[in-house]
Structures are given as structure tokens and as C-alpha cells.
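Enquirer: Dropping a structure here in C-alpha cells format, bear with me for questions.
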Amino acid sequence: NAGVTQTPKFRVLKTGQSMTLLCAQDMNHEYMYWYRQDPGMGLRLIHYSVGEGTTAKGEVPDGYNVSRLKKQNFLLGLESAAPSQTSVYFCASSYSDRGNVLTFGAGSRLTVL
Amino acid sequence: AQSVTQPDIHITVSEGASLELRCNYSYGATPYLFWYVQSPGQGLQLLLKYFSGDTLVQGIKGFEAEFKRSQSSFNLRKPSVHWSDAAEYFCAVNSGYSTLTFGKGTMLLVSP
């Protein structure tokens with residue numbers, strides 16, 4: 001049982017480049033989330049999805065886009081990367097919003113030079 | 001809006017000593033409360049959760065937490081800390097929205 005899988009695990013970008021982080025879950029969860037983790041800031045929600053074909057903004061959505069074309073996948077895109085987007089990104093999923101027990105991926109470390 | 005405060009950024013505890021990590025939340029009604037743990041280089045793992053009922057909840061790895069409505073707190077405790085407990089601990093709250101709000105975390109260091 002893979003749970004939540006994030007790819008890639010590491011990536012280095014130059015300022016202005018674009019990239020996509022992929023999150024895949026095999027638990028048939030409805031809800032999926034993208035968080036970023038920065039030292040001393042905890043986890044901050046970027047975007048989330050409450051079902052296939054839906055997306056919504058979280059606390060820090062600027063500079064990111066997302067898509068949920070298939071229920072099992074949630075993509076996070078950076079159209080023009082900035083050094084401020086250097087962070088560790090975590091994807092999570094949950095069966096419902098009631099109680100919201102999240103299953104997390106292992107994280108993707110992104111460095112923007 | 002829901003918010004979570006973890007007052008301690010770092011805590012150092014001797015191996016075998018007891019542990020208490022503090023968490024305070026802001027929300028009018030009773031929220032859903034969680035503690036997650038993150039080992040270095042890993043994702044977050046659920047330790048325990050409180051939804052309703054008994055205010056003392058048991059979790060994995062010997063951890064427990066007590067919900068105190070009057071103090072808006074959900075402190076995490078363990079009677080005897082092991083070196084493998086060294087990690088970062090996050091308190092989180094869900095107060096009816098579709099998302100969790102996390103605290104900034106407390107880093108636990110365990111000394112020999």
C-alpha cells in the first residue's frame with residue numbers, strides 16, 4: 001500500500017523556470033492538499049481540492065497553480081519560480097473533511113536559485 | 001478564523017524523563033484536534049486525535065493528550081521519553097472548515 005507518493009523528491013530550479021510537482025494517492029481519498037514547510041513557520045496550506053475537478057485556495061496560494069483532473073492525482077505547478085518558493089512541499093490526502101485525518105507524502109524539497 | 005499556538009520552539013528532555021508539549025487553539029466551539037510527529041526527512045505521522053467524548057486521548061508510541069476546554073488547550077504528554085522520540089511535533093486544529101491549521105511546531109531534543 002503506497003499511500004501518498006510525491007515526485008520528484010528533490011529539484012533545483014533557476015529563477016523564472018517552471019515545474020510541476022505530482023502527488024498520487026491510492027486510497028480513494030476525496031480530499032487532497034498541498035502544504036509548504038519553512039523553518040519556524042510550520043505547515044502552510046497552498047491549495048486544496050475537495051474532489052475530482054475542484055480546487056480551492058489556501059493560506060499562501062500566490063505563485064502556484066493546481067489541477068485535479070483525476071481523483072488520485074493532485075498537481076502543483078510553479079509557472080515562474082522565485083527564490084521565495086524554496087521550501088519543502090508536502091502533499092496530503094484525507095477521506096473526508098470531517099475530522100480531517102491526513103495521510104502525508106514524504107515531501108519534495110525544492111530549491112530556487 | 002482558527003489558529004493554533006505552540007509556545008515552545010525547542011524543548012530538551014533527558015531520556016527517561018516525562019514530557020509535556022503545549023498547544024493552545026482559538027475557536028469558539030469544540031474543534032477537532034490533532035497531534036502529528038515529523039522525524040527528520042520524513043512526512044508527518046498522526047499521533048492522536050480528539051473529536052469528542054473522553055478528554056484524555058491515547059495515541060501511538062505511548063503518547064497521550066488532554067483536551068481542556070476552559071484553557072483552550074490540547075497538551076501532549078509522555079511519561080518516559082525515549083531517544084527515538086526526538087522529532088518535531090505539530091498540533092493542528094479543524095474547526096469545521098475543509099482544512100487543517102497547523103501550529104509552528106515544537107522540536108524535541110532528547111539528551112542521554
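Ordering of the C-alpha cells sets the chain letters (A, B, ...); residue numbers start at 1 within each chain; ligands are numbered from 1 in the order shown.
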Quick one: which residues from chain B are at most 6 Å off chain A, using only C-alpha atoms, as number ranges by chain?
Expert: B: 32, 42-44, 98, 103-105
Enquirer: If we count only C-alpha atoms and set the cut-off at 12 Å, which residues sit around A:Asp62, ignoring sequence neighbours fewer than 2 positions away in its own chain? Please answer as a PyMOL selection string.
Expert: chain A and resi 45-47+57-60+64-66+77-82+84-85
Enquirer: Write the residues of the preceding selection, restricted to C-alpha atoms, as a CSV table (one decimal), in the first residue's frame.
Expert:
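Written file, out_38.csv:
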chain,number,residue,atom,x,y,z
A,45,LEU,CA,-1.7,25.4,3.1
A,46,ILE,CA,-1.2,26.4,-0.5
A,47,HIS,CA,-4.1,24.9,-2.3
A,57,LYS,CA,-7.0,28.5,-2.5
A,58,GLY,CA,-5.4,28.0,0.9
A,59,GLU,CA,-3.4,30.4,3.0
A,60,VAL,CA,-0.5,31.1,0.6
A,64,TYR,CA,1.2,28.4,-7.5
A,65,ASN,CA,-1.5,26.7,-9.6
A,66,VAL,CA,-3.0,23.3,-9.1
A,77,GLY,CA,2.7,24.0,-10.6
A,78,LEU,CA,5.1,26.8,-10.4
A,79,GLU,CA,4.9,28.9,-13.6
A,80,SER,CA,7.8,31.2,-12.8
A,81,ALA,CA,9.8,30.1,-9.9
A,82,ALA,CA,11.2,32.6,-7.3
A,84,SER,CA,10.9,32.7,-2.0
A,85,GLN,CA,9.5,29.4,-3.2
Enquirer: If you run DSSP over the backbone, which residues in chain B end up strand (DSSP E)? Put them as a short mmCIF file (atom, residue, chain, number, x, y, z; two decimals) with N, CA and C atoms, in the first residue's frame.
Expert:
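And here's result_21.cif as it stands now:
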data_model
loop_
_atom_site.label_atom_id
_atom_site.label_comp_id
_atom_site.auth_asym_id
_atom_site.auth_seq_id
_atom_site.Cartn_x
_atom_site.Cartn_y
_atom_site.Cartn_z
N SER B 3 -6.89 29.15 14.76
CA SER B 3 -5.45 29.31 14.86
C SER B 3 -4.93 28.40 15.96
N VAL B 4 -3.65 28.09 15.88
CA VAL B 4 -3.00 27.20 16.82
C VAL B 4 -1.69 27.83 17.26
N THR B 5 -1.43 27.78 18.56
CA THR B 5 -0.18 28.31 19.10
C THR B 5 0.56 27.21 19.83
N HIS B 10 11.66 24.97 20.90
CA HIS B 10 12.52 23.82 21.19
C HIS B 10 12.30 23.40 22.64
N ILE B 11 12.39 22.11 22.87
CA ILE B 11 12.38 21.56 24.23
C ILE B 11 13.42 20.46 24.29
N THR B 12 14.21 20.47 25.37
CA THR B 12 15.18 19.40 25.58
C THR B 12 14.79 18.64 26.84
N VAL B 13 14.71 17.32 26.70
CA VAL B 13 14.30 16.45 27.80
C VAL B 13 15.32 15.33 27.93
N SER B 14 15.62 14.97 29.15
CA SER B 14 16.53 13.83 29.36
C SER B 14 15.80 12.52 29.07
N LEU B 19 7.46 14.23 29.58
CA LEU B 19 7.40 15.26 28.54
C LEU B 19 6.01 15.87 28.50
N GLU B 20 5.94 17.18 28.33
CA GLU B 20 4.67 17.83 28.03
C GLU B 20 4.92 18.91 27.00
N LEU B 21 4.23 18.81 25.87
CA LEU B 21 4.29 19.82 24.83
C LEU B 21 2.96 20.58 24.81
N ASN B 24 -2.21 25.55 22.27
CA ASN B 24 -3.43 26.31 22.51
C ASN B 24 -4.08 26.66 21.18
N TYR B 25 -5.39 26.65 21.15
CA TYR B 25 -6.10 26.94 19.91
C TYR B 25 -7.09 28.06 20.17
N SER B 26 -7.52 28.68 19.10
CA SER B 26 -8.55 29.70 19.22
C SER B 26 -9.72 29.31 18.33
N TYR B 32 -11.95 19.85 16.20
CA TYR B 32 -11.24 18.59 16.13
C TYR B 32 -9.75 18.93 16.32
N LEU B 33 -9.06 18.18 17.14
CA LEU B 33 -7.68 18.48 17.50
C LEU B 33 -6.79 17.29 17.21
N PHE B 34 -5.57 17.58 16.79
CA PHE B 34 -4.65 16.54 16.37
C PHE B 34 -3.23 16.86 16.84
N TRP B 35 -2.46 15.81 17.02
CA TRP B 35 -1.02 15.93 17.15
C TRP B 35 -0.38 15.03 16.09
N TYR B 36 0.57 15.64 15.35
CA TYR B 36 1.35 14.91 14.36
C TYR B 36 2.82 14.99 14.76
N VAL B 37 3.59 13.99 14.31
CA VAL B 37 5.03 13.97 14.56
C VAL B 37 5.76 13.85 13.23
N GLN B 38 6.88 14.56 13.14
CA GLN B 38 7.69 14.51 11.92
C GLN B 38 9.13 14.19 12.28
N LEU B 44 4.65 13.78 7.84
CA LEU B 44 4.03 13.84 9.15
C LEU B 44 3.21 12.58 9.40
N GLN B 45 3.26 12.12 10.64
CA GLN B 45 2.51 10.94 11.05
C GLN B 45 1.57 11.30 12.18
N LEU B 46 0.34 10.83 12.12
CA LEU B 46 -0.64 11.12 13.16
C LEU B 46 -0.28 10.39 14.45
N LEU B 47 -0.22 11.14 15.55
CA LEU B 47 -0.01 10.55 16.88
C LEU B 47 -1.34 10.24 17.56
N LEU B 48 -2.23 11.21 17.54
CA LEU B 48 -3.53 11.04 18.17
C LEU B 48 -4.47 12.15 17.74
N LYS B 49 -5.75 11.96 18.05
CA LYS B 49 -6.75 12.95 17.67
C LYS B 49 -7.85 12.99 18.73
N TYR B 50 -8.50 14.13 18.82
CA TYR B 50 -9.65 14.31 19.70
C TYR B 50 -10.80 14.87 18.90
N LEU B 56 -9.27 12.81 27.70
CA LEU B 56 -7.91 12.26 27.69
C LEU B 56 -7.85 11.20 26.60
N VAL B 57 -7.04 11.44 25.61
CA VAL B 57 -6.96 10.52 24.48
C VAL B 57 -5.59 9.87 24.43
N GLN B 58 -5.58 8.62 24.05
CA GLN B 58 -4.34 7.85 23.93
C GLN B 58 -3.96 7.75 22.47
N GLU B 64 -0.10 10.58 25.01
CA GLU B 64 -1.47 10.92 25.33
C GLU B 64 -1.63 12.43 25.30
N ALA B 65 -2.87 12.89 25.18
CA ALA B 65 -3.13 14.33 25.19
C ALA B 65 -4.43 14.57 25.91
N GLU B 66 -4.52 15.72 26.54
CA GLU B 66 -5.71 16.08 27.30
C GLU B 66 -6.32 17.36 26.75
N PHE B 67 -7.59 17.30 26.41
CA PHE B 67 -8.32 18.47 25.95
C PHE B 67 -8.91 19.18 27.16
N LYS B 68 -8.59 20.47 27.28
CA LYS B 68 -9.14 21.29 28.36
C LYS B 68 -9.85 22.48 27.73
N SER B 73 -6.81 24.33 25.46
CA SER B 73 -5.52 23.67 25.30
C SER B 73 -5.68 22.20 24.95
N PHE B 74 -4.64 21.67 24.35
CA PHE B 74 -4.60 20.25 23.97
C PHE B 74 -3.14 19.83 24.08
N ASN B 75 -2.66 19.67 25.30
CA ASN B 75 -1.24 19.39 25.55
C ASN B 75 -0.91 17.92 25.39
N LEU B 76 0.24 17.67 24.83
CA LEU B 76 0.71 16.31 24.56
C LEU B 76 1.65 15.87 25.68
N ARG B 77 1.51 14.64 26.13
CA ARG B 77 2.34 14.16 27.24
C ARG B 77 2.86 12.75 26.96
N LYS B 78 3.99 12.47 27.60
CA LYS B 78 4.52 11.11 27.59
C LYS B 78 5.25 10.91 28.90
N ALA B 87 12.14 14.51 17.56
CA ALA B 87 11.43 14.80 16.31
C ALA B 87 10.79 16.17 16.47
N GLU B 88 10.07 16.58 15.44
CA GLU B 88 9.29 17.81 15.55
C GLU B 88 7.82 17.44 15.67
N TYR B 89 7.13 18.13 16.57
CA TYR B 89 5.75 17.80 16.88
C TYR B 89 4.85 18.98 16.52
N PHE B 90 3.76 18.66 15.85
CA PHE B 90 2.84 19.69 15.38
C PHE B 90 1.44 19.43 15.94
N CYS B 91 0.88 20.47 16.48
CA CYS B 91 -0.52 20.46 16.89
C CYS B 91 -1.33 21.05 15.73
N ALA B 92 -2.55 20.53 15.53
CA ALA B 92 -3.37 21.02 14.42
C ALA B 92 -4.83 21.05 14.85
N VAL B 93 -5.58 21.95 14.23
CA VAL B 93 -6.99 22.11 14.56
C VAL B 93 -7.83 22.18 13.31
N ASN B 94 -9.01 21.59 13.38
CA ASN B 94 -10.00 21.72 12.33
C ASN B 94 -11.31 22.10 12.99
N THR B 101 -5.45 23.56 10.26
CA THR B 101 -4.48 24.62 10.53
C THR B 101 -3.46 24.07 11.51
N PHE B 102 -2.19 24.20 11.17
CA PHE B 102 -1.11 23.66 11.99
C PHE B 102 -0.45 24.75 12.81
N THR B 106 7.03 22.20 17.59
CA THR B 106 7.98 22.17 18.70
C THR B 106 9.00 21.08 18.41
N MET B 107 10.25 21.46 18.41
CA MET B 107 11.33 20.49 18.18
C MET B 107 11.74 19.88 19.52
N LEU B 108 11.65 18.57 19.60
CA LEU B 108 12.02 17.86 20.83
C LEU B 108 13.41 17.28 20.68
N LEU B 109 14.29 17.65 21.59
CA LEU B 109 15.63 17.08 21.66
C LEU B 109 15.70 16.20 22.89
N VAL B 110 16.30 15.03 22.77
CA VAL B 110 16.39 14.10 23.89
C VAL B 110 17.87 13.93 24.23
N SER B 111 18.20 14.28 25.46
CA SER B 111 19.61 14.17 25.89
C SER B 111 19.83 12.85 26.63
#
Enquirer: Which residue gives the smallest distance to B:Ile60 among B:Ser72, B:Asp85, B:Ser39, B:Arg22, with only C-alpha atoms counted?
Expert: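 Going through B:Ser72, B:Asp85, B:Ser39, B:Arg22 one by one, the smallest distance to B:Ile60 is for B:Asp85.
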